[in-house]
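*Asks:* Next comes structure-v3.txt, compact mmCIF, C-alpha atoms and all ligand atoms:
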# COMPACT_ATOMS: atom_id res chain seq x y z
CA MET A 1 0.00 0.00 0.00
CA ARG A 2 1.25 3.48 -0.82
CA GLN A 3 1.77 6.02 1.91
CA PRO A 4 -0.98 8.68 1.92
CA PRO A 5 0.11 12.33 1.99
CA GLU A 6 0.80 13.80 5.39
CA ARG A 7 -2.40 15.85 5.47
CA VAL A 8 -4.47 12.69 5.13
CA GLN A 9 -2.36 10.87 7.70
CA ARG A 10 -2.99 13.67 10.15
CA LEU A 11 -6.77 13.16 10.06
CA PRO A 12 -7.94 11.48 13.28
CA GLU A 13 -10.31 8.51 13.21
CA GLN A 14 -13.75 9.92 12.34
CA TYR A 15 -15.50 9.81 15.70
CA PHE A 16 -19.07 9.30 14.49
CA THR A 17 -18.17 6.77 11.79
CA ALA A 18 -16.37 4.70 14.43
CA LEU A 19 -19.23 5.14 16.91
CA LEU A 20 -21.85 4.06 14.36
CA ALA A 21 -19.78 0.97 13.49
CA ARG A 22 -19.52 -0.02 17.17
CA VAL A 23 -23.25 0.51 17.68
CA ALA A 24 -24.12 -1.48 14.54
CA ALA A 25 -21.92 -4.37 15.71
CA ALA A 26 -23.59 -4.33 19.14
CA ALA A 27 -27.05 -4.16 17.54
CA ALA A 28 -26.25 -7.25 15.48
CA ALA A 29 -25.22 -9.24 18.58
CA ASP A 30 -27.81 -11.39 20.41
CA GLY A 31 -29.90 -9.62 23.01
CA GLU A 32 -32.67 -7.09 23.50
CA PRO A 33 -33.08 -4.54 20.69
CA LEU A 34 -30.54 -1.79 21.21
CA VAL A 35 -31.64 1.73 22.22
CA ASP A 36 -29.50 4.23 20.34
CA LEU A 37 -29.03 7.41 22.35
CA GLY A 38 -25.57 7.90 20.86
CA ARG A 39 -26.32 9.78 17.68
CA GLY A 40 -27.33 13.39 17.25
CA ASN A 41 -29.61 12.96 14.25
CA PRO A 42 -32.92 14.90 14.27
CA GLU A 43 -35.77 12.39 14.64
CA VAL A 44 -38.36 14.62 12.90
CA GLY A 45 -37.88 16.08 9.43
CA PRO A 46 -38.84 19.54 8.20
CA PRO A 47 -42.47 20.72 8.11
CA PRO A 48 -44.59 19.73 5.07
CA HIS A 49 -44.36 23.10 3.29
CA VAL A 50 -40.58 22.64 3.00
CA ILE A 51 -40.89 19.19 1.46
CA GLU A 52 -43.58 20.51 -0.91
CA ALA A 53 -41.26 23.34 -1.97
CA LEU A 54 -38.53 20.79 -2.73
CA ALA A 55 -40.91 18.59 -4.75
CA GLU A 56 -42.38 21.51 -6.70
CA SER A 57 -38.97 22.87 -7.49
CA ALA A 58 -37.58 19.48 -8.52
CA ALA A 59 -40.54 19.03 -10.93
CA ARG A 60 -39.48 22.11 -12.92
CA PRO A 61 -37.36 21.49 -16.01
CA ASP A 62 -35.02 24.44 -15.44
CA VAL A 63 -33.55 23.46 -12.05
CA HIS A 64 -31.34 20.49 -12.94
CA GLY A 65 -28.31 22.27 -14.29
CA TYR A 66 -25.60 23.85 -12.17
CA ALA A 67 -27.03 26.33 -9.70
CA PRO A 68 -25.07 29.58 -9.22
CA PHE A 69 -21.84 28.50 -7.48
CA ALA A 70 -22.20 31.04 -4.68
CA GLY A 71 -25.82 30.15 -3.90
CA LEU A 72 -29.14 31.82 -4.72
CA PRO A 73 -29.24 35.52 -3.77
CA ALA A 74 -32.82 34.97 -2.48
CA LEU A 75 -31.53 32.31 -0.07
CA LYS A 76 -28.89 34.71 1.26
CA GLU A 77 -31.59 37.34 1.69
CA ALA A 78 -33.81 34.84 3.52
CA ILE A 79 -31.14 33.95 6.10
CA ALA A 80 -30.24 37.64 6.51
CA ALA A 81 -33.92 38.41 7.21
CA ARG A 82 -34.00 35.62 9.83
CA TYR A 83 -30.91 37.04 11.52
CA ALA A 84 -32.50 40.51 11.61
CA ALA A 85 -35.82 39.23 12.98
CA LEU A 86 -34.58 36.67 15.51
CA TYR A 87 -31.13 37.79 16.60
CA ALA A 88 -31.25 41.57 15.90
CA VAL A 89 -28.27 41.21 13.54
CA GLU A 90 -28.25 43.15 10.25
CA LEU A 91 -26.24 41.46 7.50
CA ASP A 92 -25.46 42.44 3.94
CA PRO A 93 -26.62 39.31 2.10
CA ALA A 94 -24.32 39.97 -0.87
CA ARG A 95 -21.10 40.37 1.12
CA GLU A 96 -21.61 38.84 4.54
CA VAL A 97 -23.32 35.51 3.76
CA ALA A 98 -21.87 32.36 2.16
CA VAL A 99 -24.10 29.35 1.44
CA LEU A 100 -22.57 26.04 2.58
CA PRO A 101 -23.38 22.41 1.82
CA GLY A 102 -23.92 21.90 5.57
CA THR A 103 -21.89 23.62 8.26
CA LYS A 104 -19.61 20.62 8.69
CA THR A 105 -17.98 21.77 5.46
CA GLY A 106 -17.66 25.27 6.93
CA LEU A 107 -15.75 23.93 9.93
CA MET A 108 -13.05 22.74 7.52
CA GLU A 109 -13.23 25.80 5.29
CA PHE A 110 -12.80 28.20 8.19
CA ALA A 111 -9.57 26.51 9.26
CA LEU A 112 -8.29 26.44 5.68
CA CYS A 113 -9.21 30.07 5.01
CA ALA A 114 -8.18 31.64 8.31
CA VAL A 115 -4.98 29.98 9.46
CA GLU A 116 -1.54 29.44 7.93
CA ARG A 117 0.01 25.95 8.06
CA GLY A 118 1.72 25.56 11.44
CA GLY A 119 -0.61 28.10 13.08
CA THR A 120 -2.47 27.42 16.31
CA ILE A 121 -6.22 26.93 16.61
CA VAL A 122 -7.85 27.05 20.02
CA LEU A 123 -10.62 24.47 20.41
CA PRO A 124 -13.15 23.75 23.13
CA ASP A 125 -12.27 20.56 25.01
CA PRO A 126 -14.57 18.72 25.23
CA GLY A 127 -15.78 19.89 21.82
CA TYR A 128 -17.19 18.68 18.52
CA PRO A 129 -14.74 16.09 17.12
CA ASP A 130 -14.70 17.49 13.59
CA TYR A 131 -12.95 20.62 14.87
CA PHE A 132 -9.88 18.45 15.50
CA SER A 133 -10.18 17.13 11.93
CA ALA A 134 -10.38 20.68 10.54
CA VAL A 135 -7.20 21.68 12.35
CA ALA A 136 -5.42 18.55 11.08
CA LEU A 137 -6.50 19.22 7.50
CA ALA A 138 -5.29 22.81 7.68
CA GLY A 139 -1.88 21.63 8.91
CA ALA A 140 -2.37 23.66 12.08
CA GLU A 141 -1.87 22.74 15.75
CA VAL A 142 -4.60 22.31 18.38
CA ALA A 143 -4.53 24.20 21.65
CA SER A 144 -7.29 23.18 24.07
CA PHE A 145 -9.10 26.20 25.45
CA SER A 146 -8.05 26.96 29.00
CA GLY A 147 -8.96 30.65 29.18
CA PHE A 148 -8.61 33.85 27.18
CA GLU A 149 -5.03 34.46 28.30
CA MET A 150 -3.73 31.79 25.91
CA SER A 151 -2.50 32.77 22.46
CA GLY A 152 -3.54 31.44 19.05
CA ASP A 153 -4.36 32.31 15.46
CA ALA A 154 -8.00 31.28 15.53
CA MET A 155 -10.59 30.07 18.01
CA TYR A 156 -13.62 27.83 17.63
CA LEU A 157 -16.56 28.62 19.89
CA ASN A 158 -19.78 26.63 20.09
CA PHE A 159 -22.78 27.67 22.17
CA PRO A 160 -24.94 25.84 23.00
CA THR A 161 -22.09 23.35 23.09
CA ASN A 162 -21.97 19.88 21.66
CA PRO A 163 -21.36 17.73 23.74
CA THR A 164 -21.63 19.59 27.06
CA ALA A 165 -25.02 21.23 26.31
CA THR A 166 -23.84 24.56 27.78
CA ALA A 167 -25.49 27.85 26.81
CA ALA A 168 -23.25 30.86 26.09
CA PRO A 169 -21.94 32.24 29.40
CA GLU A 170 -22.48 35.97 29.94
CA GLY A 171 -19.69 37.98 28.30
CA ALA A 172 -18.03 35.03 26.52
CA PHE A 173 -18.44 36.52 23.04
CA GLU A 174 -17.11 39.91 24.16
CA GLU A 175 -14.07 38.23 25.69
CA ALA A 176 -13.49 36.25 22.50
CA ILE A 177 -13.62 39.45 20.43
CA GLU A 178 -11.04 41.14 22.69
CA TRP A 179 -8.93 37.98 22.52
CA ALA A 180 -9.05 38.10 18.71
CA HIS A 181 -7.89 41.72 18.66
CA ARG A 182 -5.05 41.05 21.12
CA ASN A 183 -3.86 38.06 19.09
CA ASN A 184 -4.64 39.37 15.62
CA ALA A 185 -6.67 36.16 15.33
CA TRP A 186 -9.99 34.98 13.88
CA VAL A 187 -13.01 33.58 15.71
CA MET A 188 -15.58 31.11 14.39
CA HIS A 189 -18.79 30.58 16.35
CA ASP A 190 -20.58 27.33 15.57
CA PHE A 191 -24.28 28.13 16.07
CA ALA A 192 -25.56 24.72 14.93
CA TYR A 193 -27.85 24.43 17.99
CA GLY A 194 -28.52 28.17 18.26
CA ASP A 195 -32.31 27.93 18.46
CA LEU A 196 -32.31 24.98 20.85
CA VAL A 197 -31.96 26.68 24.23
CA PHE A 198 -33.91 25.90 27.39
CA ASP A 199 -35.26 27.48 30.58
CA GLY A 200 -36.45 30.71 28.93
CA ARG A 201 -33.05 31.60 27.44
CA SER A 202 -33.09 33.40 24.09
CA PRO A 203 -30.81 32.35 21.25
CA GLN A 204 -27.50 34.24 21.43
CA SER A 205 -25.86 34.93 18.09
CA PHE A 206 -22.15 35.75 18.25
CA LEU A 207 -22.79 38.40 15.58
CA ALA A 208 -25.02 40.33 17.99
CA ALA A 209 -21.92 41.11 20.10
CA ASP A 210 -20.27 44.47 19.35
CA GLY A 211 -17.46 44.16 16.82
CA ALA A 212 -17.97 40.41 16.23
CA ARG A 213 -17.93 40.74 12.47
CA ASP A 214 -14.57 42.53 12.59
CA VAL A 215 -12.98 39.34 13.90
CA GLY A 216 -15.00 36.42 12.69
CA ILE A 217 -17.91 34.47 11.38
CA GLU A 218 -20.79 32.39 12.66
CA LEU A 219 -22.01 29.13 11.12
CA PHE A 220 -25.77 28.62 11.05
CA SER A 221 -27.12 25.17 10.18
CA MET A 222 -30.52 24.19 8.77
CA SER A 223 -29.98 20.72 10.25
CA LYS A 224 -31.17 21.19 13.82
CA SER A 225 -33.56 24.18 13.71
CA TYR A 226 -35.51 22.73 10.78
CA GLY A 227 -34.75 18.98 10.95
CA MET A 228 -32.90 19.13 7.61
CA ALA A 229 -29.67 17.34 8.54
CA GLY A 230 -29.67 15.11 5.45
CA TRP A 231 -30.32 18.02 3.11
CA ARG A 232 -26.89 19.57 3.68
CA LEU A 233 -27.55 23.26 3.89
CA GLY A 234 -25.95 25.89 6.09
CA PHE A 235 -24.38 29.34 6.10
CA ALA A 236 -21.21 31.20 7.06
CA LEU A 237 -22.11 34.73 8.14
CA GLY A 238 -20.27 37.81 9.31
CA ASN A 239 -16.80 39.03 8.37
CA ALA A 240 -16.95 39.91 4.66
CA GLU A 241 -13.29 39.07 4.02
CA LEU A 242 -13.59 35.56 5.47
CA VAL A 243 -16.97 35.00 3.79
CA GLN A 244 -15.32 35.89 0.48
CA ARG A 245 -12.41 33.53 1.08
CA ILE A 246 -14.85 30.72 1.85
CA GLU A 247 -16.92 31.43 -1.26
CA ASN A 248 -13.76 31.45 -3.32
CA LEU A 249 -12.64 28.10 -1.90
CA GLN A 250 -16.11 26.66 -2.56
CA GLU A 251 -16.14 27.87 -6.14
CA HIS A 252 -12.97 25.85 -6.68
CA ALA A 253 -14.10 22.77 -4.77
CA PHE A 254 -17.88 22.54 -5.31
CA ALA A 255 -20.31 23.54 -8.02
CA GLY A 256 -23.11 24.96 -5.91
CA ILE A 257 -26.02 23.20 -4.21
CA PHE A 258 -28.99 21.59 -5.99
CA ARG A 259 -31.40 24.46 -6.65
CA PRO A 260 -34.52 22.69 -5.23
CA VAL A 261 -32.68 22.25 -1.90
CA GLN A 262 -31.91 25.97 -1.86
CA GLU A 263 -35.49 26.88 -2.80
CA ALA A 264 -36.82 24.61 -0.06
CA GLY A 265 -34.35 26.33 2.28
CA ILE A 266 -35.96 29.66 1.37
CA ALA A 267 -39.38 28.14 2.14
CA ALA A 268 -38.09 26.93 5.52
CA LEU A 269 -36.59 30.31 6.43
CA THR A 270 -39.45 32.51 5.22
CA GLY A 271 -42.51 30.27 5.82
CA PRO A 272 -44.30 29.38 9.08
CA GLN A 273 -41.81 29.04 11.95
CA GLU A 274 -43.94 27.12 14.50
CA SER A 275 -42.03 23.91 13.92
CA VAL A 276 -38.82 25.47 15.26
CA GLU A 277 -40.44 26.19 18.62
CA GLU A 278 -42.23 22.81 18.68
CA ARG A 279 -38.91 21.07 18.19
CA ARG A 280 -37.18 23.17 20.84
CA ALA A 281 -40.01 22.56 23.32
CA ALA A 282 -39.95 18.79 22.66
CA TYR A 283 -36.22 18.66 23.45
CA GLU A 284 -36.72 20.71 26.60
CA ARG A 285 -39.50 18.39 27.74
CA ARG A 286 -37.29 15.34 27.12
CA ARG A 287 -34.36 17.07 28.82
CA ASP A 288 -36.55 17.58 31.91
CA ARG A 289 -37.55 13.94 31.85
CA ALA A 290 -33.96 12.73 31.45
CA LEU A 291 -32.65 14.92 34.29
CA ALA A 292 -35.49 13.76 36.54
CA VAL A 293 -34.77 10.08 35.86
CA LEU A 294 -30.99 10.55 36.17
CA ASP A 295 -31.55 11.93 39.65
CA GLY A 296 -28.38 11.66 41.70
CA VAL A 297 -26.17 11.60 38.59
CA GLU A 298 -24.16 14.74 37.75
CA ALA A 299 -26.02 15.71 34.57
CA ARG A 300 -26.72 18.92 32.71
CA SER A 301 -28.28 20.46 29.64
CA GLU A 302 -28.99 24.14 28.98
CA GLY A 303 -29.57 23.64 25.25
CA THR A 304 -28.83 21.43 22.16
CA PHE A 305 -30.57 18.06 22.03
CA PHE A 306 -28.13 16.37 24.38
CA VAL A 307 -27.67 15.67 28.06
CA TRP A 308 -24.09 15.50 29.29
CA PHE A 309 -23.56 13.35 32.35
CA ARG A 310 -20.79 11.92 34.50
CA LEU A 311 -20.35 8.16 34.50
CA PRO A 312 -19.92 6.38 37.82
CA ASP A 313 -16.22 5.66 38.50
CA GLY A 314 -14.92 2.79 36.41
CA VAL A 315 -18.08 2.50 34.26
CA THR A 316 -17.57 2.87 30.49
CA VAL A 317 -19.90 3.58 27.58
CA GLU A 318 -18.71 0.32 26.04
CA GLN A 319 -19.89 -1.58 29.13
CA ILE A 320 -23.28 0.19 29.01
CA LEU A 321 -23.59 -0.72 25.33
CA VAL A 322 -22.91 -4.39 25.95
CA GLU A 323 -24.58 -4.91 29.33
CA ARG A 324 -27.54 -2.50 29.14
CA ARG A 325 -27.94 -2.35 25.35
CA VAL A 326 -28.01 1.45 25.30
CA ALA A 327 -25.70 3.37 22.97
CA LEU A 328 -24.26 6.64 24.27
CA ALA A 329 -21.50 8.86 22.85
CA PRO A 330 -18.33 8.41 24.94
CA GLY A 331 -17.04 11.67 26.39
CA GLU A 332 -13.35 11.06 25.73
CA GLY A 333 -13.98 11.14 21.96
CA PHE A 334 -14.75 14.86 22.33
CA GLY A 335 -11.30 15.57 23.79
CA ALA A 336 -9.36 14.70 26.92
CA GLY A 337 -11.67 16.97 28.93
CA GLY A 338 -14.59 14.63 28.21
CA ALA A 339 -13.08 11.54 29.88
CA GLY A 340 -15.43 9.98 32.41
CA TRP A 341 -18.52 11.63 30.88
CA ALA A 342 -21.09 10.55 28.31
CA ARG A 343 -23.47 12.30 25.92
CA LEU A 344 -27.08 11.16 25.70
CA SER A 345 -29.19 12.21 22.71
CA LEU A 346 -32.74 13.53 23.07
CA ALA A 347 -33.24 13.41 19.30
CA VAL A 348 -35.18 10.17 19.56
CA THR A 349 -38.83 9.25 20.10
CA ASP A 350 -40.29 9.64 23.60
CA GLU A 351 -40.64 5.85 23.74
CA ALA A 352 -36.98 5.22 22.88
CA LEU A 353 -35.90 7.77 25.47
CA GLU A 354 -38.08 6.20 28.17
CA LEU A 355 -36.73 2.75 27.46
CA GLY A 356 -33.17 4.03 27.35
CA LEU A 357 -33.54 5.90 30.64
CA GLU A 358 -35.06 2.84 32.28
CA ARG A 359 -32.01 0.83 31.26
CA LEU A 360 -29.65 3.50 32.58
CA ALA A 361 -30.92 3.14 36.15
CA ARG A 362 -28.32 2.19 38.77
CA LEU A 363 -25.28 2.52 36.54
CA ASP A 364 -23.12 2.31 39.65
CA ALA A 365 -24.18 -1.34 39.93
CA LEU A 366 -22.32 -2.22 36.73
C1 LIG B 1 -21.53 21.28 16.99
C2 LIG B 1 -21.87 20.91 15.60
N1 LIG B 1 -21.41 21.66 14.61
C3 LIG B 1 -21.67 21.38 13.33
C4 LIG B 1 -22.41 20.28 12.99
C5 LIG B 1 -22.63 19.97 11.55
O1 LIG B 1 -23.91 20.31 11.14
P1 LIG B 1 -24.34 20.31 9.63
O2 LIG B 1 -25.41 19.29 9.51
O3 LIG B 1 -24.82 21.70 9.34
O4 LIG B 1 -23.15 19.97 8.79
C6 LIG B 1 -22.92 19.45 13.98
C7 LIG B 1 -23.70 18.26 13.62
O5 LIG B 1 -24.01 17.42 14.39
C8 LIG B 1 -22.64 19.77 15.33
O6 LIG B 1 -23.07 19.01 16.32
Is it possible to give me this structure as structure tokens?
*Replies:*
Amino acid sequence: MRQPPERVQRLPEQYFTALLARVAAAAAADGEPLVDLGRGNPEVGPPPHVIEALAESAARPDVHGYAPFAGLPALKEAIAARYAALYAVELDPAREVAVLPGTKTGLMEFALCAVERGGTIVLPDPGYPDYFSAVALAGAEVASFSGFEMSGDAMYLNFPTNPTATAAPEGAFEEAIEWAHRNNAWVMHDFAYGDLVFDGRSPQSFLAADGARDVGIELFSMSKSYGMAGWRLGFALGNAELVQRIENLQEHAFAGIFRPVQEAGIAALTGPQESVEERRAAYERRRDRALAVLDGVEARSEGTFFVWFRLPDGVTVEQILVERRVALAPGEGFGAGGAGWARLSLAVTDEALELGLERLARLDAL
């Protein structure tokens, strides 16, 4: 076998691919049907008007060629209007919005467009595993966030946080903006779970903080707010220079996004919004239920569709998978700071959650 280039060698094992393979192997083994609380995959799709918009668009003869590489201007206007209405952020759709084939792509593109090879990127630890992959691909070095006194060339922020389900702490964005100025660095805020906050909190866009767009961008995903994870649609918003770099990279690497997906995206962003609140409320209700059942366990969730909880000493997610037939996401895969913790997904049916929680009783007896 030939040696792959260094940039490919640097890529870590893909956390979710490996997790899915372990869960599939466990599911195939003899025993009770497995309850999968490991994956963060929205259990309910988008509302009917979005699917109708996709179908109507796809039935037209003129939509099957290449769409404009940089995305439909009307889609950029639709996300800008959402930002103005929901987060009090005014954006110039032509200069401050890039359309992405899902924000996962944007995580990579930000690292490639913001940081020189050998630079340092500060990541949350525990944090979303693909951030580590982005740093590896960019030939940069990871520094785990330990406070704003550390130095670096870029910083990834993510509130509410996957996996720790933490809402943005007061003043965090302002501190990050000051940090960026002091270090002549860029900031990327991953807002994938932005609308999914609990206990009366309102969504907090990074771009609503003073001066945010001077130092960075925010990634907004259609996956969680609208249940469109498989559709692959998201946005990079904010700093015009970075947005331009990302669009430029995309014009070299991709040839736009299927027009019916973009038109359905417009329908999602501009049509009735009740489903967003219904989804958020369902996750909050399940969060309440999970925290009540996990009574006595150190567990938390201020947003996202996850609960983050501490495992009893010596108990592993692997053991829970085999002995209780419940899949969870192991904390250590999110960085060294996640060791001894596990992430439980609420993006499942009420019945699956109930069964899973029942099986998680008395973990200390394992
Ligand atoms: C924190 C975080 N960022 C980004 C993504 C990627 O989302 P998208 O579906 O927009 O690529 C996810 C998906 O699970 C996520 O959890």
*Asks:* Rank A:Gln244, A:Thr349, A:Ser301, A:Ser57 by their smallest atom-to-atom distance to Arg95 of chain A, using all atoms listed in the file, and report the top residue only.
*Replies:* A:Gln244
*Asks:* Closest to ligand LIG 1 (chain B) among A:Gly303, A:Gly238, A:Pro272, A:Gly171, using all atoms listed in the file?
*Replies:* A:Gly303
*Asks:* Which residue is closest to Glu43 of chain A? Choose from A:Gly265, A:Gly333, A:Pro5, A:Gly230 and count only C-alpha atoms.
*Replies:*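 With only C-alpha atoms as the atom set, the closest residue is A:Gly230.
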*Asks:* Residues within 6 Å of ligand LIG 1 (chain B) (all atoms listed in the file), as a VMD selection string?
*Replies:* chain A and resid 40 102 to 104 128 162 190 192 221 223 229 234
*Asks:* Emit the selected residues as a PDB file, in the coordinates of the input, including C-alpha atoms.
*Replies:*
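Heads up, here's the output in result10.pdb:
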ATOM      1  CA  GLY A  40     -27.330  13.390  17.250  1.00  0.00           C
ATOM      2  CA  GLY A 102     -23.920  21.900   5.570  1.00  0.00           C
ATOM      3  CA  THR A 103     -21.890  23.620   8.260  1.00  0.00           C
ATOM      4  CA  LYS A 104     -19.610  20.620   8.690  1.00  0.00           C
ATOM      5  CA  TYR A 128     -17.190  18.680  18.520  1.00  0.00           C
ATOM      6  CA  ASN A 162     -21.970  19.880  21.660  1.00  0.00           C
ATOM      7  CA  ASP A 190     -20.580  27.330  15.570  1.00  0.00           C
ATOM      8  CA  ALA A 192     -25.560  24.720  14.930  1.00  0.00           C
ATOM      9  CA  SER A 221     -27.120  25.170  10.180  1.00  0.00           C
ATOM     10  CA  SER A 223     -29.980  20.720  10.250  1.00  0.00           C
ATOM     11  CA  ALA A 229     -29.670  17.340   8.540  1.00  0.00           C
ATOM     12  CA  GLY A 234     -25.950  25.890   6.090  1.00  0.00           C
TER      13      GLY A 234
END
*Asks:* Emit as lines of an AutoDock Vina configuration file the padded axis-aligned box for all listed atoms of segment 194-198 of chain A, 4 Å per side, with centre and edge lengths in Å to one decimal.
*Replies:*
center_x = -31.2
center_y = 26.6
center_z = 22.8
size_x = 13.4
size_y = 11.2
size_z = 17.1
*Asks:* Enumerate, as an NGL selection string, the protein, DNA and RNA residues whose atoms approach (-35.0, 1.7, 25.7) to within 9 Å, taking into account all atoms listed in the file and the coordinate frame of the file.
*Replies:* :A and (33-37 or 325-326 or 351-360)
*Asks:* A:Glu277, A:Gly227, A:Leu242, A:Ala290: which is nearest Val50 of chain A, counting all atoms listed in the file?
*Replies:* A:Gly227
*Asks:* Considering only C-alpha atoms, can you say which of A:Leu344, A:Tyr66, A:Leu237, A:Ala267 comes closest to Arg286 of chain A?
*Replies:*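 Comparing A:Leu344, A:Tyr66, A:Leu237, A:Ala267 against Arg286 of chain A, the winner is A:Leu344.
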*Asks:* What does the structure give for the distance between atom CA of Ala292 of chain A and atom CA of Ala172 of chain A, in Å to one decimal?
*Replies:*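 So the answer is 29.3 Å.
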*Asks:* Can you tell me which residues surround Thr166 of chain A at a distance of at most 12 Å, considering all atoms listed in the file, apart from same-chain residues fewer than 6 positions away, and format the answer as JSON, numbers by chain?
*Replies:* {"A": [124, 126, 127, 157, 158, 159, 160, 193, 194, 196, 197, 198, 201, 299, 300, 301, 302, 303, 304, 305, 306, 307, 308]}
*Asks:* Grab the residues selected above and save them as a CSV table (one decimal), in the coordinates of the input with C-alpha atoms.
*Replies:*
chain,number,residue,atom,x,y,z
A,124,PRO,CA,-13.2,23.8,23.1
A,126,PRO,CA,-14.6,18.7,25.2
A,127,GLY,CA,-15.8,19.9,21.8
A,157,LEU,CA,-16.6,28.6,19.9
A,158,ASN,CA,-19.8,26.6,20.1
A,159,PHE,CA,-22.8,27.7,22.2
A,160,PRO,CA,-24.9,25.8,23.0
A,193,TYR,CA,-27.8,24.4,18.0
A,194,GLY,CA,-28.5,28.2,18.3
A,196,LEU,CA,-32.3,25.0,20.8
A,197,VAL,CA,-32.0,26.7,24.2
A,198,PHE,CA,-33.9,25.9,27.4
A,201,ARG,CA,-33.0,31.6,27.4
A,299,ALA,CA,-26.0,15.7,34.6
A,300,ARG,CA,-26.7,18.9,32.7
A,301,SER,CA,-28.3,20.5,29.6
A,302,GLU,CA,-29.0,24.1,29.0
A,303,GLY,CA,-29.6,23.6,25.2
A,304,THR,CA,-28.8,21.4,22.2
A,305,PHE,CA,-30.6,18.1,22.0
A,306,PHE,CA,-28.1,16.4,24.4
A,307,VAL,CA,-27.7,15.7,28.1
A,308,TRP,CA,-24.1,15.5,29.3
*Asks:* Report as number ranges by chain all protein, DNA and RNA residues lying within 12 Å of Val135 of chain A, evaluated on only C-alpha atoms, omitting residues in the same chain fewer than 4 positions from it.
*Replies:* A: 7-8, 10-12, 107-123, 129-131, 139-144, 153-156
*Asks:* Output the selection as a short mmCIF file (atom, residue, chain, number, x, y, z; two decimals), keeping the file's coordinate frame - C-alpha atoms for each residue.
*Replies:*
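Once written, part13.cif looks like this:
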data_model
loop_
_atom_site.label_atom_id
_atom_site.label_comp_id
_atom_site.auth_asym_id
_atom_site.auth_seq_id
_atom_site.Cartn_x
_atom_site.Cartn_y
_atom_site.Cartn_z
CA ARG A 7 -2.40 15.85 5.47
CA VAL A 8 -4.47 12.69 5.13
CA ARG A 10 -2.99 13.67 10.15
CA LEU A 11 -6.77 13.16 10.06
CA PRO A 12 -7.94 11.48 13.28
CA LEU A 107 -15.75 23.93 9.93
CA MET A 108 -13.05 22.74 7.52
CA GLU A 109 -13.23 25.80 5.29
CA PHE A 110 -12.80 28.20 8.19
CA ALA A 111 -9.57 26.51 9.26
CA LEU A 112 -8.29 26.44 5.68
CA CYS A 113 -9.21 30.07 5.01
CA ALA A 114 -8.18 31.64 8.31
CA VAL A 115 -4.98 29.98 9.46
CA GLU A 116 -1.54 29.44 7.93
CA ARG A 117 0.01 25.95 8.06
CA GLY A 118 1.72 25.56 11.44
CA GLY A 119 -0.61 28.10 13.08
CA THR A 120 -2.47 27.42 16.31
CA ILE A 121 -6.22 26.93 16.61
CA VAL A 122 -7.85 27.05 20.02
CA LEU A 123 -10.62 24.47 20.41
CA PRO A 129 -14.74 16.09 17.12
CA ASP A 130 -14.70 17.49 13.59
CA TYR A 131 -12.95 20.62 14.87
CA GLY A 139 -1.88 21.63 8.91
CA ALA A 140 -2.37 23.66 12.08
CA GLU A 141 -1.87 22.74 15.75
CA VAL A 142 -4.60 22.31 18.38
CA ALA A 143 -4.53 24.20 21.65
CA SER A 144 -7.29 23.18 24.07
CA ASP A 153 -4.36 32.31 15.46
CA ALA A 154 -8.00 31.28 15.53
CA MET A 155 -10.59 30.07 18.01
CA TYR A 156 -13.62 27.83 17.63
#
*Asks:* Between atom CA of Glu77 of chain A and atom CA of Pro93 of chain A, measure the distance and give it in Å to one decimal.
*Replies:* 5.4 Å
*Asks:* Could you give me segment 234-240 of chain A completed to N, CA, C and O atoms, formatted as a compact mmCIF listing (two decimals), keeping the file's coordinate frame?
*Replies:*
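The result, stored in out.txt:
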# COMPACT_ATOMS: atom_id res chain seq x y z
N GLY A 234 -26.33 25.03 4.97
CA GLY A 234 -25.95 25.89 6.09
C GLY A 234 -25.35 27.18 5.56
O GLY A 234 -25.32 27.41 4.34
N PHE A 235 -24.87 28.02 6.49
CA PHE A 235 -24.38 29.34 6.10
C PHE A 235 -23.17 29.73 6.94
O PHE A 235 -23.09 29.39 8.12
N ALA A 236 -22.26 30.50 6.31
CA ALA A 236 -21.21 31.20 7.06
C ALA A 236 -21.57 32.68 6.97
O ALA A 236 -21.80 33.19 5.87
N LEU A 237 -21.63 33.35 8.12
CA LEU A 237 -22.11 34.73 8.14
C LEU A 237 -21.18 35.62 8.96
O LEU A 237 -20.63 35.18 9.97
N GLY A 238 -21.05 36.86 8.51
CA GLY A 238 -20.27 37.81 9.31
C GLY A 238 -19.17 38.45 8.50
O GLY A 238 -19.44 39.03 7.43
N ASN A 239 -17.93 38.32 8.97
CA ASN A 239 -16.80 39.03 8.37
C ASN A 239 -16.73 38.85 6.84
O ASN A 239 -16.56 37.73 6.35
N ALA A 240 -16.83 39.97 6.12
CA ALA A 240 -16.95 39.91 4.66
C ALA A 240 -15.69 39.30 4.01
O ALA A 240 -15.80 38.60 3.01
